[in-house]
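Have a look at run21.txt; it's compact mmCIF, C-alpha atoms:
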```
# COMPACT_ATOMS: atom_id res chain seq x y z
CA MET A 12 -19.96 64.68 -24.52
CA THR A 13 -19.52 62.39 -21.54
CA PRO A 14 -19.16 64.06 -18.14
CA SER A 15 -17.61 61.63 -15.75
CA PRO A 16 -17.81 62.54 -12.07
CA ARG A 17 -15.01 60.81 -10.19
CA GLY A 18 -17.02 59.71 -7.18
CA GLY A 19 -14.39 59.54 -4.47
CA ALA A 20 -10.79 60.45 -3.84
CA ARG A 21 -8.32 59.47 -6.56
CA PRO A 22 -10.31 56.77 -8.31
CA ALA A 23 -9.55 55.59 -11.80
CA LEU A 24 -11.40 58.26 -13.66
CA PRO A 25 -8.96 60.26 -15.73
CA PRO A 26 -7.50 56.94 -16.93
CA LEU A 27 -11.00 55.70 -17.83
CA ALA A 28 -11.74 58.96 -19.64
CA GLU A 29 -8.41 58.60 -21.46
CA ILE A 30 -9.34 55.06 -22.50
CA LEU A 31 -12.70 56.26 -23.80
CA ALA A 32 -11.10 59.15 -25.71
CA THR A 33 -8.32 57.03 -27.22
CA ALA A 34 -10.87 54.60 -28.62
CA LEU A 35 -11.40 57.38 -31.17
CA PRO A 36 -8.86 58.39 -33.82
CA SER A 37 -6.05 60.73 -32.74
CA PRO A 38 -5.04 63.46 -32.30
CA TRP A 39 -6.63 63.90 -28.88
CA ALA A 40 -6.75 67.11 -26.86
CA TYR A 41 -6.30 67.06 -23.10
CA ILE A 42 -7.48 70.28 -21.50
CA ALA A 43 -5.95 70.54 -18.04
CA THR A 44 -7.39 72.89 -15.43
CA ALA A 45 -4.93 72.20 -12.59
CA GLN A 46 -2.49 74.84 -11.47
CA PRO A 47 0.87 73.81 -9.98
CA TYR A 48 0.73 75.80 -6.74
CA ASP A 49 3.06 73.46 -4.83
CA ASP A 50 5.49 70.57 -5.30
CA GLU A 51 2.87 67.89 -4.65
CA MET A 52 0.56 69.31 -7.35
CA ARG A 53 3.50 69.63 -9.77
CA GLU A 54 4.16 65.90 -9.21
CA ARG A 55 0.50 65.04 -9.88
CA ILE A 56 0.52 67.05 -13.09
CA ALA A 57 3.77 65.40 -14.21
CA LEU A 58 2.30 61.95 -13.51
CA HIS A 59 -0.80 62.75 -15.58
CA ARG A 60 1.35 64.02 -18.47
CA SER A 61 3.64 60.98 -18.38
CA ARG A 62 0.68 58.60 -18.49
CA ARG A 63 -0.47 59.97 -21.84
CA GLY A 64 1.44 58.79 -24.87
CA GLU A 65 1.85 60.14 -28.36
CA GLY A 66 -1.15 61.63 -30.04
CA TRP A 67 -2.12 63.86 -27.10
CA THR A 68 -1.91 67.65 -27.11
CA THR A 69 -2.11 69.19 -23.65
CA ILE A 70 -3.76 72.58 -23.33
CA ASP A 71 -3.55 74.35 -19.98
CA ALA A 72 -6.80 76.21 -19.31
CA PRO A 73 -7.13 76.87 -15.59
CA LEU A 74 -9.65 79.68 -16.20
CA ASP A 75 -10.64 80.03 -19.87
CA LEU A 76 -11.98 76.54 -20.42
CA ALA A 77 -14.76 77.81 -22.69
CA GLY A 78 -12.21 79.60 -24.88
CA ALA A 79 -9.95 76.54 -25.04
CA LEU A 80 -12.87 74.35 -26.14
CA LYS A 81 -13.97 76.87 -28.78
CA ALA A 82 -10.45 77.03 -30.21
CA LEU A 83 -10.24 73.28 -30.93
CA PRO A 84 -10.76 71.90 -34.42
CA ASP A 85 -14.02 70.16 -35.23
CA ASP A 86 -14.18 66.41 -34.63
CA GLN A 87 -11.13 66.33 -32.34
CA PRO A 88 -11.70 64.09 -29.29
CA VAL A 89 -11.30 66.19 -26.16
CA LEU A 90 -10.79 65.25 -22.52
CA VAL A 91 -11.34 68.00 -19.93
CA ASP A 92 -9.80 67.31 -16.51
CA CYS A 93 -11.47 68.64 -14.42
CA LEU A 94 -14.49 70.84 -13.81
CA THR A 95 -14.12 71.07 -10.04
CA LEU A 96 -10.52 72.29 -10.29
CA TRP A 97 -11.67 74.84 -12.88
CA LEU A 98 -14.44 75.96 -10.51
CA THR A 99 -11.93 76.22 -7.64
CA ASN A 100 -9.67 78.40 -9.79
CA HIS A 101 -12.55 80.81 -10.44
CA MET A 102 -13.55 80.85 -6.78
CA LEU A 103 -9.99 81.66 -5.70
CA ALA A 104 -9.86 84.45 -8.30
CA ASP A 105 -13.18 85.79 -6.94
CA HIS A 106 -14.83 85.59 -10.37
CA ASP A 107 -18.55 85.56 -11.02
CA LEU A 108 -19.22 81.80 -10.79
CA GLU A 109 -22.69 81.96 -12.29
CA LEU A 110 -21.42 83.86 -15.33
CA GLU A 111 -18.42 81.56 -15.84
CA CYS A 112 -20.53 78.41 -15.49
CA ARG A 113 -23.07 79.77 -18.00
CA ARG A 114 -20.28 80.54 -20.48
CA LEU A 115 -18.91 77.03 -20.12
CA ALA A 116 -22.32 75.33 -20.32
CA ASP A 117 -23.05 77.29 -23.49
CA VAL A 118 -19.91 75.93 -25.17
CA LEU A 119 -20.42 72.39 -23.84
CA SER A 120 -23.97 72.36 -25.18
CA ARG A 121 -22.57 72.60 -28.72
CA PRO A 122 -19.80 70.00 -28.93
CA ARG A 123 -18.11 69.71 -32.29
CA GLY A 124 -16.85 66.20 -31.61
CA SER A 125 -16.56 63.69 -28.79
CA TRP A 126 -15.89 65.54 -25.57
CA PHE A 127 -15.18 63.76 -22.28
CA VAL A 128 -15.51 65.90 -19.17
CA VAL A 129 -14.20 64.80 -15.76
CA SER A 130 -15.64 66.26 -12.58
CA ASN A 131 -15.92 65.37 -8.90
CA GLU A 132 -19.12 64.56 -7.05
CA VAL A 133 -18.73 66.52 -3.82
CA GLY A 134 -22.28 66.55 -2.48
CA GLN A 135 -22.50 63.02 -1.10
CA GLY A 136 -20.65 63.70 2.14
CA ILE A 137 -21.48 65.68 5.24
CA VAL A 138 -22.33 69.37 5.10
CA PRO A 139 -19.01 71.25 5.34
CA ASP A 140 -18.38 73.23 8.50
CA ASN A 141 -17.37 76.51 6.82
CA ALA A 142 -19.00 78.94 4.42
CA LEU A 143 -16.36 78.69 1.68
CA ALA A 144 -16.55 74.89 1.55
CA ARG A 145 -20.36 75.01 1.50
CA ARG A 146 -20.27 77.60 -1.30
CA PHE A 147 -17.91 75.35 -3.29
CA ARG A 148 -20.02 72.23 -2.71
CA ASP A 149 -23.19 74.02 -3.80
CA ALA A 150 -21.54 75.59 -6.87
CA ALA A 151 -19.98 72.26 -7.89
CA GLY A 152 -23.34 70.55 -7.52
CA ARG A 153 -25.04 73.14 -9.73
CA LEU A 154 -22.26 72.93 -12.33
CA ASN A 155 -22.36 69.12 -12.42
CA GLN A 156 -26.14 69.23 -12.84
CA GLN A 157 -25.87 71.75 -15.70
CA VAL A 158 -23.26 69.72 -17.53
CA ALA A 159 -24.94 66.36 -16.90
CA ALA A 160 -28.24 67.74 -18.24
CA ILE A 161 -26.67 68.48 -21.64
CA ALA A 162 -24.45 65.40 -21.78
CA ASP A 163 -25.19 62.32 -23.84
CA THR A 164 -23.72 59.99 -21.21
CA VAL A 165 -22.93 60.41 -17.51
CA LEU A 166 -20.71 57.97 -15.64
CA LEU A 167 -20.23 57.92 -11.87
CA MET A 168 -17.17 56.17 -10.47
CA VAL A 169 -17.76 54.11 -7.33
CA ALA A 170 -14.80 52.23 -5.83
CA GLY A 171 -13.06 52.44 -9.21
CA PHE A 172 -16.03 51.06 -11.17
CA PRO A 173 -18.06 53.14 -13.63
CA LEU A 174 -21.82 53.24 -13.13
CA LYS A 175 -23.87 54.58 -16.01
CA VAL A 176 -26.18 57.29 -14.68
CA LYS A 177 -27.41 58.56 -18.04
```

Render the structure in this file as structure tokens.
Amino acid sequence: MTPSPRGGARPALPPLAEILATALPSPWAYIATAQPYDDEMRERIALHRSRRGEGWTTIDAPLDLAGALKALPDDQPVLVDCLTLWLTNHMLADHDLELECRRLADVLSRPRGSWFVVSNEVGQGIVPDNALARRFRDAAGRLNQQVAAIADTVLLMVAGFPLKVK
């Protein structure tokens, strides 16, 4: 498994993760966590889908990411995009974040193939000015640390360039 924090706004990370995944034999699974709440997000999702060619199966899992990963066949390359959107979905639904993150970490700790996980690094900026944003930043930091600890490789994107962290 390779978690790949994006490291900045809209860098080249899902495309890099797609390149890494497609270096392996198809079929590839793309587990999407985004929810199309507005027209702009619907356009982003459509762009992501259009970028992927044949050989990809898209699975929408805005909340049950652990279940989606468990349901995949062994040895299928998987790209998860992205952990911070998944975390946001659980926060907005007022779910138990600690429980959900533990469930996900448990599944990620037992990959049955090559799994590529995209996330955002949100803790390198200023301390947010409101409680919800601080709660999100702290929860995202803990989740990224959990996932990075069990990953084989961790890449951090800086100005569109991958830096190997682990």

The residue from A:Asp92, A:Glu29, A:Asp140, A:Asp75 with the smallest atom-to-atom distance to A:Ile56, counting all atoms listed in the file, is A:Asp92

Worksheet item: If we count only C-alpha atoms, what is near stretch 159-162 of chain A at a cut-off of 12 Å, once residues fewer than 5 positions away on the same chain are taken out, given as a VMD selection string?
Response: chain A and resid 12 to 16 94 115 to 122 125 to 130 132 151 to 154 167 175 to 177

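The nearest approach to A:Gly78 among the residues A:Val158, A:Ala45, A:Glu65, A:Arg114, with all atoms listed in the file taken into account, belongs to A:Arg114.
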
Expressed in Å, the length from atom CA of A:Ala82 to atom CA of A:Phe147 is 28.0 Å

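Those DNA, RNA and protein residues that approach the point (-8.9, 71.9, -21.1) to within 7 Å, considering all atoms listed in the file, are Tyr41, Ile42, Ala43, Thr44, Ile70, Asp71, Ala72, Leu76, Ala79, Leu80, Val91 and Asp92 of chain A.
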
Residue contacts of A:His101 (10 Å, all atoms listed in the file) excluding same-chain residues fewer than 5 positions away, as a PyMOL selection string:
chain A and resi 73-75+95-96+106-108+111-112
